[in-house]
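Q: Can you read through this structure? Questions will come right after.
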There are 2 protein chains.
Amino acid sequence: MDNQQIKDAGLKVTRPREKILGILERSGRRHLSAEDVYKELLTNGDDIGLATVYRVLTQFEGAGLVCRRHFETGQSVFELNSGDHHDHLVCVRCNRVVEFVDPMIEERQSAIAAQHGFHIEDHSLVIYGVCTDCAANA
Amino acid sequence: MDNQQIKDAGLKVTRPREKILGILERSGRRHLSAEDVYKELLTNGDDIGLATVYRVLTQFEGAGLVCRRHFETGQSVFELNSGDHHDHLVCVRCNRVVEFVDPMIEERQSAIAAQHGFHIEDHSLVIYGVCTDCAANA
DNA sequence: TAGCAAGATGCGAAAGCTTCTCAGTTGTCT
DNA sequence: AGACAACTGAGAAGCTTTCGCATCTTGCTA
C-alpha cells in the first residue's frame with residue numbers, strides 16, 4: 001500500500017506525497033518530468049507547489065522509490081523504481097521512450113570499469129534515434 | 001591549420017573563434033565546460049564574453065568540430081571531435097573523465113535499436129563511479 | 001482526544017547554466 | 001577602400017531546480 005512505502009522511507013504521510021506517488025503509479029507514461037507531475041496535480045485540483053514536487057521527488061529518489069534521469073532535453077525525468085536496472089532508447093522526434101536491458105552490455109561495463117580501476121556507482125546508457133513511426137512520417 | 005577548419009564550417013575567422021579552438025586543442029584536459037574555456041580566455045587576457053563562448057561552441061558543435069555532452073553534473077562539457085566515437089567513465093568524486101571504446105557494446109546497441117525499429121542518431125553511455133585515487137583517499 | 005515538537009508545505013526569491021537582444025564592430029568579397 | 005552580412009560583448013531574460021522562512025500538519029504523548 002502506498003502509505004507504507006512512504007513510511008518505510010522514514011517520511012511522514014502527507015497529502016502531497018500521497019498524490020505524487022499516486023500520479024507516478026497511475027500515469028500511463030513511465031517517465032515524467034517534475035513539471036509533468038505538477039501539471040497533473042493542478043489538473044486534479046490539488047494545490048501543491050512546484051517546489052514541493054521537486055522536494056518530494058528528490059526524497060523519493062533518496063529512498064529508492066524513484067529513479068531520476070537526465071536526458072539531453074535539459075529536464076530530468078522521474079520513473080518509479082521497478083527494481084531492475086534498465087537503459088533507454090529515446091526517439092528524438094516524438095520523445096517516445098523504450099526501456100531495455102542487455103546483460104552483455106551490463107557485463108562489459110563492469111569489466112571496463114574494473115579495468116580502469118573504477119568502482120561503479122551508477123551508469124546511464126541512452127540511445128537517441130528515430131522510431132519507426134517517426135521514420136514513416138518523415 | 002586552425003583557420004581552415006573554421007572556414008570549412010562556413011564561419012568567419014574571428015579572434016574569439018581562433019582562441020577558443022586553440023584552447024580546445026592545447027588544453028591538457030579533453031573535456032572542458034563553457035565556463036572552463038571562458039576562464040582560460042580571461043587568464044590569457046582575452047576579452048571575450050561568456051555568451052560568445054557558448055555561441056561559438058554551439059556553432060562548432062553544429063559544424064562537427066566538437067561534441068557536447070551532458071553529464072549529470074548539470075554542466076555541459078565540450079571536447080574536440082576526434083572522429084571516432086567513444087564513451088565515458090566519470091569519477092563522481094574528482095570529476096576525472098576516462099574515455100573508452102568497446103566494440104561489443106557498440107554492436108549490441110545497434111542490435112537493440114534495430115530490434116525496436118529505431119534508427120540510431122546518437123547515443124551516450126556514461127559510467128559513474130569512484131576512481132582508484134579517490135577510493136584510496138576515502 | 002488535546003497538545004506539542006519535529007517535520008512538511010507554499011510561496012516567492014534566488015541560484016546556476018544557457019540563450020537572447022541589440023547596438024556597435026569586424027571579416028570578406030569586389 | 002567600401003559595403004554588407006556576419007559577428008561580438010554586455011546585460012537582460014529564460015529555464016529548471018533549490019532555498020529561506022513563516023505557517024500548517026503529522027505522529028506521538030499524556
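As shown in the C-alpha cells, the chain order sets the letters A, B, ...; within each chain, residues go from 1, and ligands are also counted from 1 in the order they appear.
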Residues of chain A near chain C: apply a cut-off of 8 Å, count only C-alpha atoms (C1' of nucleotides), and supply the list as number ranges by chain.
A: A: 12, 14, 48-49, 51-52
Q: Define the interface residues of chain A facing chain D as those within 12 Å, counting only C-alpha atoms (C1' of nucleotides), and report them as a PyMOL selection string.
A: chain A and resi 7+11-16+33-35+50-55+57-58+70+73-77
Q: Based on the selection just made, write C-alpha atoms of those residues as a PDB file, in the first residue's frame.
A:
ATOM      1  CA  LYS A   7       6.539   5.425   5.914  1.00  0.00           C
ATOM      2  CA  LEU A  11       8.804  10.162   5.746  1.00  0.00           C
ATOM      3  CA  LYS A  12       5.510  11.422   7.097  1.00  0.00           C
ATOM      4  CA  VAL A  13       2.461  10.509   5.104  1.00  0.00           C
ATOM      5  CA  THR A  14       1.176  13.803   3.753  1.00  0.00           C
ATOM      6  CA  ARG A  15      -1.242  14.713   1.044  1.00  0.00           C
ATOM      7  CA  PRO A  16       1.409  15.934  -1.423  1.00  0.00           C
ATOM      8  CA  SER A  33       9.301  15.422 -15.521  1.00  0.00           C
ATOM      9  CA  ALA A  34       8.682  17.415 -12.356  1.00  0.00           C
ATOM     10  CA  GLU A  35       6.691  19.805 -14.480  1.00  0.00           C
ATOM     11  CA  LEU A  50       6.258  23.069  -7.666  1.00  0.00           C
ATOM     12  CA  ALA A  51       8.952  23.330  -5.029  1.00  0.00           C
ATOM     13  CA  THR A  52       7.218  20.596  -3.099  1.00  0.00           C
ATOM     14  CA  VAL A  53       7.076  18.401  -6.166  1.00  0.00           C
ATOM     15  CA  TYR A  54      10.819  18.694  -6.526  1.00  0.00           C
ATOM     16  CA  ARG A  55      11.407  18.145  -2.833  1.00  0.00           C
ATOM     17  CA  LEU A  57      10.665  13.566  -5.865  1.00  0.00           C
ATOM     18  CA  THR A  58      14.149  14.114  -4.508  1.00  0.00           C
ATOM     19  CA  HIS A  70      18.920  13.438 -17.094  1.00  0.00           C
ATOM     20  CA  THR A  73      16.479  17.545 -23.198  1.00  0.00           C
ATOM     21  CA  GLY A  74      17.588  19.635 -20.261  1.00  0.00           C
ATOM     22  CA  GLN A  75      14.883  18.336 -17.966  1.00  0.00           C
ATOM     23  CA  SER A  76      15.136  15.489 -15.507  1.00  0.00           C
ATOM     24  CA  VAL A  77      12.587  12.738 -15.741  1.00  0.00           C
TER      25      VAL A  77
END
Q: Select all residues from chain B having any atom no more than 10 Å from an atom of chain A (counting only C-alpha atoms, ignoring ligands), output as an mmCIF file with N, CA, C and O atoms, in the first residue's frame.
A:
data_model
loop_
_atom_site.group_PDB
_atom_site.id
_atom_site.type_symbol
_atom_site.label_atom_id
_atom_site.label_comp_id
_atom_site.auth_asym_id
_atom_site.auth_seq_id
_atom_site.Cartn_x
_atom_site.Cartn_y
_atom_site.Cartn_z
ATOM 1 N N ARG B 69 28.538 17.105 -24.375
ATOM 2 C CA ARG B 69 27.981 16.031 -23.539
ATOM 3 C C ARG B 69 27.340 16.634 -22.299
ATOM 4 O O ARG B 69 27.903 17.547 -21.707
ATOM 5 N N HIS B 70 26.224 16.062 -21.910
ATOM 6 C CA HIS B 70 25.592 16.481 -20.650
ATOM 7 C C HIS B 70 25.873 15.408 -19.627
ATOM 8 O O HIS B 70 25.239 14.366 -19.653
ATOM 9 N N PHE B 71 26.789 15.642 -18.735
ATOM 10 C CA PHE B 71 26.952 14.683 -17.655
ATOM 11 C C PHE B 71 25.966 15.089 -16.568
ATOM 12 O O PHE B 71 25.342 16.140 -16.651
ATOM 13 N N GLU B 72 25.834 14.268 -15.557
ATOM 14 C CA GLU B 72 24.818 14.552 -14.547
ATOM 15 C C GLU B 72 25.230 15.671 -13.593
ATOM 16 O O GLU B 72 24.559 15.951 -12.626
ATOM 17 N N THR B 73 26.332 16.286 -13.876
ATOM 18 C CA THR B 73 26.800 17.368 -13.017
ATOM 19 C C THR B 73 26.011 18.642 -13.254
ATOM 20 O O THR B 73 26.147 19.603 -12.508
ATOM 21 N N GLY B 74 25.216 18.665 -14.315
ATOM 22 C CA GLY B 74 24.452 19.868 -14.580
ATOM 23 C C GLY B 74 25.090 20.764 -15.617
ATOM 24 O O GLY B 74 24.445 21.607 -16.206
ATOM 25 N N SER B 76 27.368 21.205 -19.236
ATOM 26 C CA SER B 76 27.737 20.503 -20.454
ATOM 27 C C SER B 76 29.241 20.598 -20.580
ATOM 28 O O SER B 76 29.842 21.589 -20.184
ATOM 29 N N ASP B 87 32.953 6.318 -25.363
ATOM 30 C CA ASP B 87 32.085 6.547 -24.222
ATOM 31 C C ASP B 87 32.908 7.042 -23.037
ATOM 32 O O ASP B 87 34.118 7.208 -23.158
ATOM 33 N N HIS B 88 32.232 7.287 -21.909
ATOM 34 C CA HIS B 88 32.924 7.898 -20.776
ATOM 35 C C HIS B 88 32.726 7.224 -19.436
ATOM 36 O O HIS B 88 31.664 6.709 -19.137
ATOM 37 N N LEU B 89 33.777 7.325 -18.657
ATOM 38 C CA LEU B 89 33.807 6.842 -17.294
ATOM 39 C C LEU B 89 34.092 8.112 -16.485
ATOM 40 O O LEU B 89 35.088 8.787 -16.738
ATOM 41 N N VAL B 90 33.197 8.468 -15.579
ATOM 42 C CA VAL B 90 33.373 9.714 -14.831
ATOM 43 C C VAL B 90 33.489 9.426 -13.341
ATOM 44 O O VAL B 90 32.664 8.695 -12.784
ATOM 45 N N CYS B 91 34.506 9.989 -12.701
ATOM 46 C CA CYS B 91 34.643 9.803 -11.260
ATOM 47 C C CYS B 91 33.738 10.799 -10.556
ATOM 48 O O CYS B 91 33.849 12.002 -10.776
ATOM 49 N N VAL B 92 32.852 10.282 -9.717
ATOM 50 C CA VAL B 92 31.896 11.161 -9.053
ATOM 51 C C VAL B 92 32.537 11.994 -7.953
ATOM 52 O O VAL B 92 31.947 12.951 -7.466
ATOM 53 N N VAL B 98 37.522 9.420 -18.073
ATOM 54 C CA VAL B 98 38.317 8.486 -18.852
ATOM 55 C C VAL B 98 37.463 8.072 -20.043
ATOM 56 O O VAL B 98 36.265 7.838 -19.893
ATOM 57 N N GLU B 99 38.086 8.020 -21.205
ATOM 58 C CA GLU B 99 37.333 7.614 -22.384
ATOM 59 C C GLU B 99 37.584 6.146 -22.684
ATOM 60 O O GLU B 99 38.654 5.634 -22.378
ATOM 61 N N PHE B 100 36.613 5.521 -23.274
ATOM 62 C CA PHE B 100 36.838 4.130 -23.692
ATOM 63 C C PHE B 100 35.952 3.786 -24.886
ATOM 64 O O PHE B 100 34.998 4.493 -25.186
ATOM 65 N N VAL B 101 36.315 2.736 -25.537
ATOM 66 C CA VAL B 101 35.530 2.260 -26.670
ATOM 67 C C VAL B 101 35.403 0.760 -26.491
ATOM 68 O O VAL B 101 36.361 0.098 -26.109
ATOM 69 N N ASP B 102 34.226 0.244 -26.703
ATOM 70 C CA ASP B 102 34.061 -1.191 -26.597
ATOM 71 C C ASP B 102 33.214 -1.664 -27.766
ATOM 72 O O ASP B 102 32.009 -1.425 -27.803
ATOM 73 N N MET B 104 32.054 -4.427 -28.607
ATOM 74 C CA MET B 104 30.935 -5.315 -28.328
ATOM 75 C C MET B 104 29.715 -4.519 -27.876
ATOM 76 O O MET B 104 28.586 -4.797 -28.274
ATOM 77 N N ILE B 105 29.946 -3.526 -27.041
ATOM 78 C CA ILE B 105 28.820 -2.696 -26.600
ATOM 79 C C ILE B 105 28.213 -1.960 -27.791
ATOM 80 O O ILE B 105 26.996 -1.912 -27.954
ATOM 81 N N GLU B 106 29.060 -1.424 -28.633
ATOM 82 C CA GLU B 106 28.566 -0.699 -29.806
ATOM 83 C C GLU B 106 27.659 -1.616 -30.633
ATOM 84 O O GLU B 106 26.588 -1.220 -31.089
ATOM 85 N N GLU B 107 28.130 -2.837 -30.789
ATOM 86 C CA GLU B 107 27.405 -3.776 -31.610
ATOM 87 C C GLU B 107 26.045 -4.133 -31.006
ATOM 88 O O GLU B 107 25.032 -4.166 -31.683
ATOM 89 N N ARG B 108 26.056 -4.368 -29.685
ATOM 90 C CA ARG B 108 24.809 -4.698 -29.019
ATOM 91 C C ARG B 108 23.814 -3.547 -29.137
ATOM 92 O O ARG B 108 22.623 -3.746 -29.273
ATOM 93 N N GLN B 109 24.340 -2.322 -29.062
ATOM 94 C CA GLN B 109 23.449 -1.162 -29.156
ATOM 95 C C GLN B 109 22.746 -1.133 -30.504
ATOM 96 O O GLN B 109 21.538 -0.883 -30.579
ATOM 97 N N SER B 110 23.497 -1.373 -31.551
ATOM 98 C CA SER B 110 22.895 -1.356 -32.886
ATOM 99 C C SER B 110 21.836 -2.437 -32.967
ATOM 100 O O SER B 110 20.740 -2.215 -33.501
ATOM 101 N N ILE B 112 20.080 -3.757 -30.562
ATOM 102 C CA ILE B 112 18.907 -3.405 -29.768
ATOM 103 C C ILE B 112 18.053 -2.356 -30.460
ATOM 104 O O ILE B 112 16.824 -2.446 -30.508
ATOM 105 N N ALA B 113 18.706 -1.352 -31.021
ATOM 106 C CA ALA B 113 17.962 -0.299 -31.712
ATOM 107 C C ALA B 113 17.194 -0.912 -32.877
ATOM 108 O O ALA B 113 16.003 -0.636 -33.066
ATOM 109 N N ALA B 114 17.859 -1.751 -33.630
ATOM 110 C CA ALA B 114 17.226 -2.376 -34.791
ATOM 111 C C ALA B 114 16.020 -3.189 -34.351
ATOM 112 O O ALA B 114 14.934 -3.109 -34.933
ATOM 113 N N HIS B 116 14.107 -2.704 -31.947
ATOM 114 C CA HIS B 116 12.956 -1.876 -31.582
ATOM 115 C C HIS B 116 12.558 -0.946 -32.723
ATOM 116 O O HIS B 116 11.768 -0.035 -32.519
ATOM 117 N N GLY B 117 13.131 -1.165 -33.891
ATOM 118 C CA GLY B 117 12.765 -0.344 -35.034
ATOM 119 C C GLY B 117 13.313 1.071 -34.986
ATOM 120 O O GLY B 117 12.809 1.970 -35.646
ATOM 121 N N PHE B 118 14.331 1.306 -34.191
ATOM 122 C CA PHE B 118 14.909 2.644 -34.117
ATOM 123 C C PHE B 118 16.089 2.786 -35.064
ATOM 124 O O PHE B 118 16.886 1.866 -35.215
ATOM 125 N N HIS B 119 16.175 3.977 -35.648
ATOM 126 C CA HIS B 119 17.339 4.295 -36.462
ATOM 127 C C HIS B 119 18.228 5.178 -35.587
ATOM 128 O O HIS B 119 17.875 6.312 -35.276
ATOM 129 N N ILE B 120 19.354 4.663 -35.166
ATOM 130 C CA ILE B 120 20.224 5.393 -34.234
ATOM 131 C C ILE B 120 20.761 6.695 -34.806
ATOM 132 O O ILE B 120 21.215 6.740 -35.939
ATOM 133 N N GLU B 121 20.681 7.745 -34.006
ATOM 134 C CA GLU B 121 21.282 9.010 -34.427
ATOM 135 C C GLU B 121 22.495 9.264 -33.554
ATOM 136 O O GLU B 121 23.470 9.855 -33.977
ATOM 137 N N ASP B 122 22.395 8.871 -32.307
ATOM 138 C CA ASP B 122 23.469 9.167 -31.376
ATOM 139 C C ASP B 122 23.236 8.332 -30.127
ATOM 140 O O ASP B 122 22.154 7.795 -29.943
ATOM 141 N N HIS B 123 24.226 8.236 -29.310
ATOM 142 C CA HIS B 123 23.966 7.587 -28.045
ATOM 143 C C HIS B 123 24.985 8.062 -27.032
ATOM 144 O O HIS B 123 25.995 8.648 -27.378
ATOM 145 N N SER B 124 24.684 7.847 -25.796
ATOM 146 C CA SER B 124 25.580 8.309 -24.764
ATOM 147 C C SER B 124 25.610 7.288 -23.653
ATOM 148 O O SER B 124 24.576 6.904 -23.102
ATOM 149 N N LEU B 125 26.797 6.807 -23.383
ATOM 150 C CA LEU B 125 26.967 5.841 -22.307
ATOM 151 C C LEU B 125 27.955 6.442 -21.334
ATOM 152 O O LEU B 125 29.076 6.772 -21.699
ATOM 153 N N VAL B 126 27.506 6.647 -20.123
ATOM 154 C CA VAL B 126 28.370 7.209 -19.108
ATOM 155 C C VAL B 126 28.313 6.310 -17.891
ATOM 156 O O VAL B 126 27.227 5.985 -17.413
ATOM 157 N N ILE B 127 29.474 5.909 -17.426
ATOM 158 C CA ILE B 127 29.523 5.102 -16.211
ATOM 159 C C ILE B 127 30.036 6.019 -15.112
ATOM 160 O O ILE B 127 31.077 6.669 -15.266
ATOM 161 N N TYR B 128 29.281 6.123 -14.032
ATOM 162 C CA TYR B 128 29.697 6.953 -12.908
ATOM 163 C C TYR B 128 30.260 6.051 -11.826
ATOM 164 O O TYR B 128 29.647 5.046 -11.483
ATOM 165 N N GLY B 129 31.387 6.414 -11.275
ATOM 166 C CA GLY B 129 31.978 5.583 -10.235
ATOM 167 C C GLY B 129 33.029 6.348 -9.468
ATOM 168 O O GLY B 129 33.127 7.570 -9.579
ATOM 169 N N VAL B 130 33.791 5.626 -8.678
ATOM 170 C CA VAL B 130 34.850 6.238 -7.889
ATOM 171 C C VAL B 130 36.176 5.684 -8.412
ATOM 172 O O VAL B 130 36.335 4.466 -8.502
ATOM 173 N N CYS B 131 37.094 6.571 -8.762
ATOM 174 C CA CYS B 131 38.351 6.091 -9.329
ATOM 175 C C CYS B 131 39.310 5.622 -8.227
ATOM 176 O O CYS B 131 39.088 5.877 -7.052
ATOM 177 N N THR B 132 40.355 4.948 -8.637
ATOM 178 C CA THR B 132 41.303 4.384 -7.680
ATOM 179 C C THR B 132 41.816 5.415 -6.684
ATOM 180 O O THR B 132 41.825 5.171 -5.478
ATOM 181 N N ASP B 133 42.263 6.554 -7.188
ATOM 182 C CA ASP B 133 42.820 7.588 -6.320
ATOM 183 C C ASP B 133 41.834 8.014 -5.245
ATOM 184 O O ASP B 133 42.177 8.120 -4.078
ATOM 185 N N CYS B 134 40.591 8.264 -5.672
ATOM 186 C CA CYS B 134 39.597 8.726 -4.709
ATOM 187 C C CYS B 134 39.233 7.615 -3.720
ATOM 188 O O CYS B 134 38.973 7.879 -2.551
ATOM 189 N N ALA B 135 39.207 6.385 -4.198
ATOM 190 C CA ALA B 135 38.887 5.277 -3.305
ATOM 191 C C ALA B 135 39.990 5.175 -2.243
ATOM 192 O O ALA B 135 39.715 4.906 -1.064
#
Q: Write out as a PyMOL selection string the set of residues from chain B that DSSP, computed on the backbone, places in alpha helix (DSSP H).
A: chain B and resi 2-8+15-26+34-43+50-62+103-115+132-136
Q: Please identify which residues in chain B DSSP calls strand (DSSP E or B) from the backbone, and express them as a ChimeraX atom specification.
A: /B:32-33,66-70,76-80,87-91,97-100,119-130
Q: Keeping N, CA, C and O atoms for every residue in the selection just given, could you write it to a file as a CSV table (one decimal), in the first residue's frame?
A:
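File part17.csv, as written:
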chain,number,residue,atom,x,y,z
B,32,LEU,N,36.1,20.1,-21.5
B,32,LEU,CA,36.0,21.5,-20.9
B,32,LEU,C,34.6,22.0,-20.9
B,32,LEU,O,33.9,21.8,-21.9
B,33,SER,N,34.2,22.6,-19.8
B,33,SER,CA,32.9,23.3,-19.8
B,33,SER,C,33.0,24.6,-20.4
B,33,SER,O,34.2,25.1,-20.6
B,66,VAL,N,33.3,19.9,-32.6
B,66,VAL,CA,33.4,19.5,-31.2
B,66,VAL,C,32.1,18.7,-30.9
B,66,VAL,O,31.1,18.8,-31.6
B,67,CYS,N,32.1,17.9,-29.8
B,67,CYS,CA,31.0,17.2,-29.3
B,67,CYS,C,30.6,17.8,-27.9
B,67,CYS,O,31.5,18.2,-27.1
B,68,ARG,N,29.3,17.9,-27.7
B,68,ARG,CA,28.8,18.4,-26.4
B,68,ARG,C,28.3,17.2,-25.6
B,68,ARG,O,27.6,16.3,-26.2
B,69,ARG,N,28.5,17.1,-24.4
B,69,ARG,CA,28.0,16.0,-23.5
B,69,ARG,C,27.3,16.6,-22.3
B,69,ARG,O,27.9,17.5,-21.7
B,70,HIS,N,26.2,16.1,-21.9
B,70,HIS,CA,25.6,16.5,-20.7
B,70,HIS,C,25.9,15.4,-19.6
B,70,HIS,O,25.2,14.4,-19.7
B,76,SER,N,27.4,21.2,-19.2
B,76,SER,CA,27.7,20.5,-20.5
B,76,SER,C,29.2,20.6,-20.6
B,76,SER,O,29.8,21.6,-20.2
B,77,VAL,N,29.8,19.6,-21.1
B,77,VAL,CA,31.3,19.7,-21.4
B,77,VAL,C,31.5,19.5,-22.9
B,77,VAL,O,30.7,18.8,-23.6
B,78,PHE,N,32.5,20.1,-23.4
B,78,PHE,CA,32.8,20.1,-24.8
B,78,PHE,C,34.1,19.4,-25.0
B,78,PHE,O,35.0,19.6,-24.2
B,79,GLU,N,34.2,18.7,-26.1
B,79,GLU,CA,35.5,18.0,-26.4
B,79,GLU,C,35.7,18.1,-27.9
B,79,GLU,O,34.8,18.0,-28.7
B,80,LEU,N,37.0,18.2,-28.3
B,80,LEU,CA,37.3,18.2,-29.7
B,80,LEU,C,36.9,16.9,-30.4
B,80,LEU,O,37.1,15.8,-29.8
B,87,ASP,N,33.0,6.3,-25.4
B,87,ASP,CA,32.1,6.5,-24.2
B,87,ASP,C,32.9,7.0,-23.0
B,87,ASP,O,34.1,7.2,-23.2
B,88,HIS,N,32.2,7.3,-21.9
B,88,HIS,CA,32.9,7.9,-20.8
B,88,HIS,C,32.7,7.2,-19.4
B,88,HIS,O,31.7,6.7,-19.1
B,89,LEU,N,33.8,7.3,-18.7
B,89,LEU,CA,33.8,6.8,-17.3
B,89,LEU,C,34.1,8.1,-16.5
B,89,LEU,O,35.1,8.8,-16.7
B,90,VAL,N,33.2,8.5,-15.6
B,90,VAL,CA,33.4,9.7,-14.8
B,90,VAL,C,33.5,9.4,-13.3
B,90,VAL,O,32.7,8.7,-12.8
B,91,CYS,N,34.5,10.0,-12.7
B,91,CYS,CA,34.6,9.8,-11.3
B,91,CYS,C,33.7,10.8,-10.6
B,91,CYS,O,33.8,12.0,-10.8
B,97,VAL,N,37.7,12.2,-16.0
B,97,VAL,CA,37.0,11.6,-17.1
B,97,VAL,C,37.9,10.6,-17.9
B,97,VAL,O,39.1,11.0,-18.2
B,98,VAL,N,37.5,9.4,-18.1
B,98,VAL,CA,38.3,8.5,-18.9
B,98,VAL,C,37.5,8.1,-20.0
B,98,VAL,O,36.3,7.8,-19.9
B,99,GLU,N,38.1,8.0,-21.2
B,99,GLU,CA,37.3,7.6,-22.4
B,99,GLU,C,37.6,6.1,-22.7
B,99,GLU,O,38.7,5.6,-22.4
B,100,PHE,N,36.6,5.5,-23.3
B,100,PHE,CA,36.8,4.1,-23.7
B,100,PHE,C,36.0,3.8,-24.9
B,100,PHE,O,35.0,4.5,-25.2
B,119,HIS,N,16.2,4.0,-35.6
B,119,HIS,CA,17.3,4.3,-36.5
B,119,HIS,C,18.2,5.2,-35.6
B,119,HIS,O,17.9,6.3,-35.3
B,120,ILE,N,19.4,4.7,-35.2
B,120,ILE,CA,20.2,5.4,-34.2
B,120,ILE,C,20.8,6.7,-34.8
B,120,ILE,O,21.2,6.7,-35.9
B,121,GLU,N,20.7,7.7,-34.0
B,121,GLU,CA,21.3,9.0,-34.4
B,121,GLU,C,22.5,9.3,-33.6
B,121,GLU,O,23.5,9.9,-34.0
B,122,ASP,N,22.4,8.9,-32.3
B,122,ASP,CA,23.5,9.2,-31.4
B,122,ASP,C,23.2,8.3,-30.1
B,122,ASP,O,22.2,7.8,-29.9
B,123,HIS,N,24.2,8.2,-29.3
B,123,HIS,CA,24.0,7.6,-28.0
B,123,HIS,C,25.0,8.1,-27.0
B,123,HIS,O,26.0,8.6,-27.4
B,124,SER,N,24.7,7.8,-25.8
B,124,SER,CA,25.6,8.3,-24.8
B,124,SER,C,25.6,7.3,-23.7
B,124,SER,O,24.6,6.9,-23.1
B,125,LEU,N,26.8,6.8,-23.4
B,125,LEU,CA,27.0,5.8,-22.3
B,125,LEU,C,28.0,6.4,-21.3
B,125,LEU,O,29.1,6.8,-21.7
B,126,VAL,N,27.5,6.6,-20.1
B,126,VAL,CA,28.4,7.2,-19.1
B,126,VAL,C,28.3,6.3,-17.9
B,126,VAL,O,27.2,6.0,-17.4
B,127,ILE,N,29.5,5.9,-17.4
B,127,ILE,CA,29.5,5.1,-16.2
B,127,ILE,C,30.0,6.0,-15.1
B,127,ILE,O,31.1,6.7,-15.3
B,128,TYR,N,29.3,6.1,-14.0
B,128,TYR,CA,29.7,7.0,-12.9
B,128,TYR,C,30.3,6.1,-11.8
B,128,TYR,O,29.6,5.0,-11.5
B,129,GLY,N,31.4,6.4,-11.3
B,129,GLY,CA,32.0,5.6,-10.2
B,129,GLY,C,33.0,6.3,-9.5
B,129,GLY,O,33.1,7.6,-9.6
B,130,VAL,N,33.8,5.6,-8.7
B,130,VAL,CA,34.9,6.2,-7.9
B,130,VAL,C,36.2,5.7,-8.4
B,130,VAL,O,36.3,4.5,-8.5
Q: Using only C-alpha atoms, which residue out of B:Arg93, B:Arg26, B:Lys19, B:His85 lies closest to B:Leu41?
A: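 Ranked by minimum distance to B:Leu41, first place goes to B:Lys19.
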Q: Using atom CA of A:Ala9 and atom CA of A:Gly45 as the two end points, give the distance in Å to one decimal.
A: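 Result for atom CA of A:Ala9 versus atom CA of A:Gly45: 26.6 Å, one decimal.
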